[in-house]
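Coordinates as given in model.txt (compact mmCIF, C-alpha atoms):
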```txt
# COMPACT_ATOMS: atom_id res chain seq x y z
CA MET A 1 0.00 0.00 0.00
CA SER A 2 1.62 3.21 -1.10
CA GLU A 3 -0.33 5.82 0.85
CA ALA A 4 -0.93 5.60 4.61
CA GLY A 5 -4.25 6.70 6.02
CA ARG A 6 -7.56 5.36 7.15
CA VAL A 7 -9.94 3.54 4.85
CA LEU A 8 -13.70 3.36 5.49
CA GLY A 9 -15.55 0.18 4.55
CA VAL A 10 -19.26 0.36 3.73
CA ASP A 11 -21.46 -2.75 3.50
CA LEU A 12 -24.87 -1.76 2.12
CA GLY A 13 -27.66 -3.78 3.67
CA SER A 14 -31.34 -3.43 2.85
CA VAL A 15 -32.12 -1.91 6.28
CA ARG A 16 -28.74 -1.07 7.86
CA VAL A 17 -25.36 -0.14 6.46
CA GLY A 18 -22.39 -1.77 8.17
CA LEU A 19 -19.30 0.34 8.69
CA ALA A 20 -15.66 -0.50 9.35
CA LEU A 21 -12.54 1.61 9.66
CA SER A 22 -8.90 0.73 9.10
CA ASP A 23 -6.07 1.68 11.40
CA PRO A 24 -4.01 4.72 10.27
CA LEU A 25 -1.45 2.49 8.54
CA GLY A 26 -4.16 0.72 6.54
CA LEU A 27 -3.27 -2.74 7.86
CA THR A 28 -6.30 -3.89 9.86
CA ALA A 29 -10.04 -3.30 9.74
CA GLN A 30 -12.23 -2.87 12.81
CA PRO A 31 -16.05 -2.78 12.93
CA LEU A 32 -17.36 0.76 13.39
CA GLY A 33 -21.08 0.10 13.85
CA HIS A 34 -23.93 0.73 11.47
CA GLN A 35 -26.20 3.44 10.11
CA PRO A 36 -29.81 3.21 8.95
CA ARG A 37 -30.13 3.09 5.17
CA ALA A 38 -31.88 6.43 4.69
CA ALA A 39 -30.27 7.84 1.54
CA GLY A 40 -29.76 11.54 2.34
CA ALA A 41 -28.98 11.02 6.01
CA LEU A 42 -26.60 8.17 5.17
CA LEU A 43 -24.59 10.30 2.76
CA ASP A 44 -24.34 13.04 5.40
CA ALA A 45 -23.28 10.53 8.08
CA LEU A 46 -20.61 9.01 5.83
CA ALA A 47 -19.28 12.43 4.83
CA ALA A 48 -19.00 13.30 8.54
CA LEU A 49 -17.10 10.06 9.25
CA VAL A 50 -14.72 10.72 6.34
CA ALA A 51 -13.93 14.16 7.74
CA GLU A 52 -13.78 13.05 11.39
CA HIS A 53 -11.37 10.16 10.75
CA ASP A 54 -9.38 11.78 7.92
CA VAL A 55 -10.32 8.92 5.59
CA ARG A 56 -8.27 8.70 2.38
CA THR A 57 -10.43 6.09 0.57
CA VAL A 58 -13.94 4.67 0.96
CA VAL A 59 -14.62 1.08 -0.10
CA VAL A 60 -18.23 0.20 -0.89
CA GLY A 61 -19.26 -3.44 -1.12
CA LEU A 62 -20.34 -4.67 -4.54
CA PRO A 63 -22.93 -7.43 -4.07
CA LEU A 64 -22.16 -9.72 -6.99
CA ARG A 65 -24.07 -12.93 -7.62
CA LEU A 66 -22.26 -16.18 -6.87
CA SER A 67 -21.67 -16.46 -10.63
CA GLY A 68 -19.80 -13.14 -10.53
CA GLU A 69 -22.49 -11.33 -12.51
CA GLU A 70 -24.03 -8.06 -11.41
CA GLY A 71 -27.69 -8.05 -10.45
CA GLU A 72 -30.10 -5.33 -9.36
CA GLU A 73 -28.43 -4.92 -5.95
CA ALA A 74 -25.06 -4.31 -7.62
CA VAL A 75 -26.61 -1.66 -9.87
CA ARG A 76 -28.05 0.06 -6.77
CA ALA A 77 -24.68 -0.18 -4.97
CA ARG A 78 -22.91 1.42 -7.94
CA GLY A 79 -25.47 4.25 -7.95
CA PHE A 80 -24.97 4.79 -4.23
CA ALA A 81 -21.18 4.78 -4.63
CA ARG A 82 -21.48 7.38 -7.40
CA ARG A 83 -23.61 9.67 -5.19
CA LEU A 84 -21.20 9.18 -2.28
CA ALA A 85 -18.19 10.00 -4.48
CA GLU A 86 -19.85 13.25 -5.53
CA ARG A 87 -20.60 14.09 -1.88
CA ILE A 88 -17.08 13.43 -0.50
CA ALA A 89 -14.89 14.44 -3.47
CA PRO A 90 -11.90 14.43 -3.78
CA VAL A 91 -11.81 11.32 -1.53
CA PRO A 92 -11.98 8.32 -3.89
CA VAL A 93 -14.72 5.70 -3.60
CA GLU A 94 -13.92 2.17 -4.77
CA MET A 95 -16.16 -0.86 -5.22
CA TRP A 96 -15.10 -4.25 -3.82
CA ASP A 97 -16.65 -7.71 -4.16
CA GLU A 98 -18.60 -8.45 -1.00
CA ARG A 99 -19.99 -11.88 -1.86
CA LEU A 100 -20.71 -13.91 1.27
CA THR A 101 -19.36 -11.35 3.77
CA THR A 102 -22.61 -11.31 5.77
CA ARG A 103 -22.72 -15.10 5.82
CA GLN A 104 -19.06 -15.23 6.87
CA ALA A 105 -19.67 -12.61 9.58
CA THR A 106 -22.61 -14.58 10.92
CA ARG A 107 -20.47 -17.72 11.06
CA VAL A 108 -17.70 -15.90 12.95
CA LEU A 109 -20.23 -14.56 15.45
CA LEU A 110 -21.83 -18.00 15.89
CA GLU A 111 -18.41 -19.56 16.52
CA GLY A 112 -17.80 -16.81 19.08
CA ASP A 113 -21.05 -17.82 20.82
CA VAL A 114 -22.56 -14.35 20.35
CA SER A 115 -26.26 -14.27 21.25
CA ARG A 116 -28.86 -13.92 18.50
CA ALA A 117 -29.91 -10.46 19.72
CA ARG A 118 -26.30 -9.24 19.80
CA ARG A 119 -25.56 -10.81 16.38
CA ARG A 120 -28.37 -8.78 14.82
CA LYS A 121 -26.76 -5.60 16.16
CA VAL A 122 -23.19 -6.31 15.05
CA VAL A 123 -23.37 -8.51 11.94
CA ASP A 124 -23.48 -5.56 9.52
CA ALA A 125 -20.36 -3.96 11.00
CA MET A 126 -18.59 -7.33 11.09
CA ALA A 127 -19.44 -7.86 7.40
CA ALA A 128 -18.05 -4.39 6.62
CA ALA A 129 -14.85 -5.25 8.52
CA LEU A 130 -14.44 -8.48 6.53
CA LEU A 131 -15.04 -6.59 3.27
CA LEU A 132 -12.54 -3.90 4.24
CA GLN A 133 -9.92 -6.39 5.44
CA SER A 134 -10.15 -8.19 2.10
CA TRP A 135 -9.58 -4.88 0.27
CA LEU A 136 -6.67 -3.94 2.57
CA ASP A 137 -5.01 -7.34 2.07
CA ALA A 138 -5.33 -7.06 -1.70
CA HIS A 139 -3.82 -3.56 -1.72
CA ARG A 140 -0.75 -4.29 0.39
```

As structure tokens:
Amino acid sequence: MSEAGRVLGVDLGSVRVGLALSDPLGLTAQPLGHQPRAAGALLDALAALVAEHDVRTVVVGLPLRLSGEEGEEAVRARGFARRLAERIAPVPVEMWDERLTTRQATRVLLEGDVSRARRRKVVDAMAAALLLQSWLDAHR
């Protein structure tokens, strides 16, 4: 990775949007919580996080089908990423394959014996952390 700085991971869910943030060196991803998926308010909240944490790149999950093809959700994610990029320019917004991150996050939480109620609250952020860690690893 050539440029140090924090990276924000965004996992778009149908109800909640999971968030994760890298360390300043861009080596590890940590869950940051979630935001409701209300379009205008979400863009404002993400812009505030970018400014607050001095984020250098935002990574938005691209929900591809298992075949690798893009479906309707991927088209919506690309549209969201485009609106976000306009809102936070000049900070770049990149798309990253998020296939199975929510399923993987759920499995990790089950193995950690996290209660069902707690899983519902943290699974989106955990999925965002897995998405972001994958991007960080690929860009090292």

Exercise. So which residues touch Ala4 of chain A within 7 Å, counting all atoms listed in the file, skipping near sequence neighbours fewer than 6 positions away, as a ChimeraX atom specification?
Worked result: /A:24-26

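We find atom CA of Pro92 of chain A and atom CA of Val58 of chain A to be spaced 6.4 Å apart.
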
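Ranking A:Gly112, A:Gln104, A:Val15, A:Trp96 by their shortest atom-to-atom distance to His139 of chain A, with only C-alpha atoms included, puts A:Trp96 first.
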
Problem set entry | Selection: 8 Å around Val60 of chain A, all atoms listed in the file, excl. self and same-chain fewer than 5 positions, as a PyMOL selection string | chain A and resi 9-12+77+81+93-96

Problem set entry | Nearby residues, (-30.4, -7.0, 3.9) file frame, 12 Å, all atoms listed in the file, as a list in words | Asp11, Leu12, Gly13, Ser14, Val15, Arg16, Val17, Gly18, Pro36, Arg37, Pro63, Glu73, Thr101, Thr102, Arg103, Arg120, Val123, Asp124 and Ala127 of chain A

Exercise. Near Asp97 of chain A, counting all atoms listed in the file, which residues have an atom at most 7 Å away, once you skip same-chain residues fewer than 4 positions from it, shown as a list in words?
Worked result: Gly61, Leu62, Pro63 and Leu64 of chain A

Problem set entry | Length of the atom CA of Val7 of chain A to atom CA of Val91 of chain A vector [Å] | 10.2 Å

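One finds atom CA of Ala125 of chain A at 12.4 Å from atom CA of Val108 of chain A.
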
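Nearest residue to Ala89 of chain A, choosing from A:Ala74, A:Gly68, A:Val55, A:Pro31 and counting all atoms listed in the file: A:Val55.
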
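The shortest atom-to-atom distance to Leu84 of chain A, with all atoms listed in the file taken into account, belongs to A:Thr57 out of A:Gln30, A:Ser67, A:Thr57, A:Ser134.
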
Seminar exercise, completed: Of A:Arg6, A:Asp54, A:Leu27, A:Ser22, the one sitting nearest Asp137 of chain A when using only C-alpha atoms is A:Leu27

Exercise. Which one of A:Arg107, A:His34, A:Arg99, A:Arg87 sits closest to Val50 of chain A if you count only C-alpha atoms?
Worked result: A:Arg87

For this session: Would you kindly identify which residues have an atom no farther than 8 Å from (-23.4, 14.3, -0.5), using all atoms listed in the file and the file's own coordinates, and write them out as a ChimeraX atom specification?
Result: /A:40,43-44,47,83-88
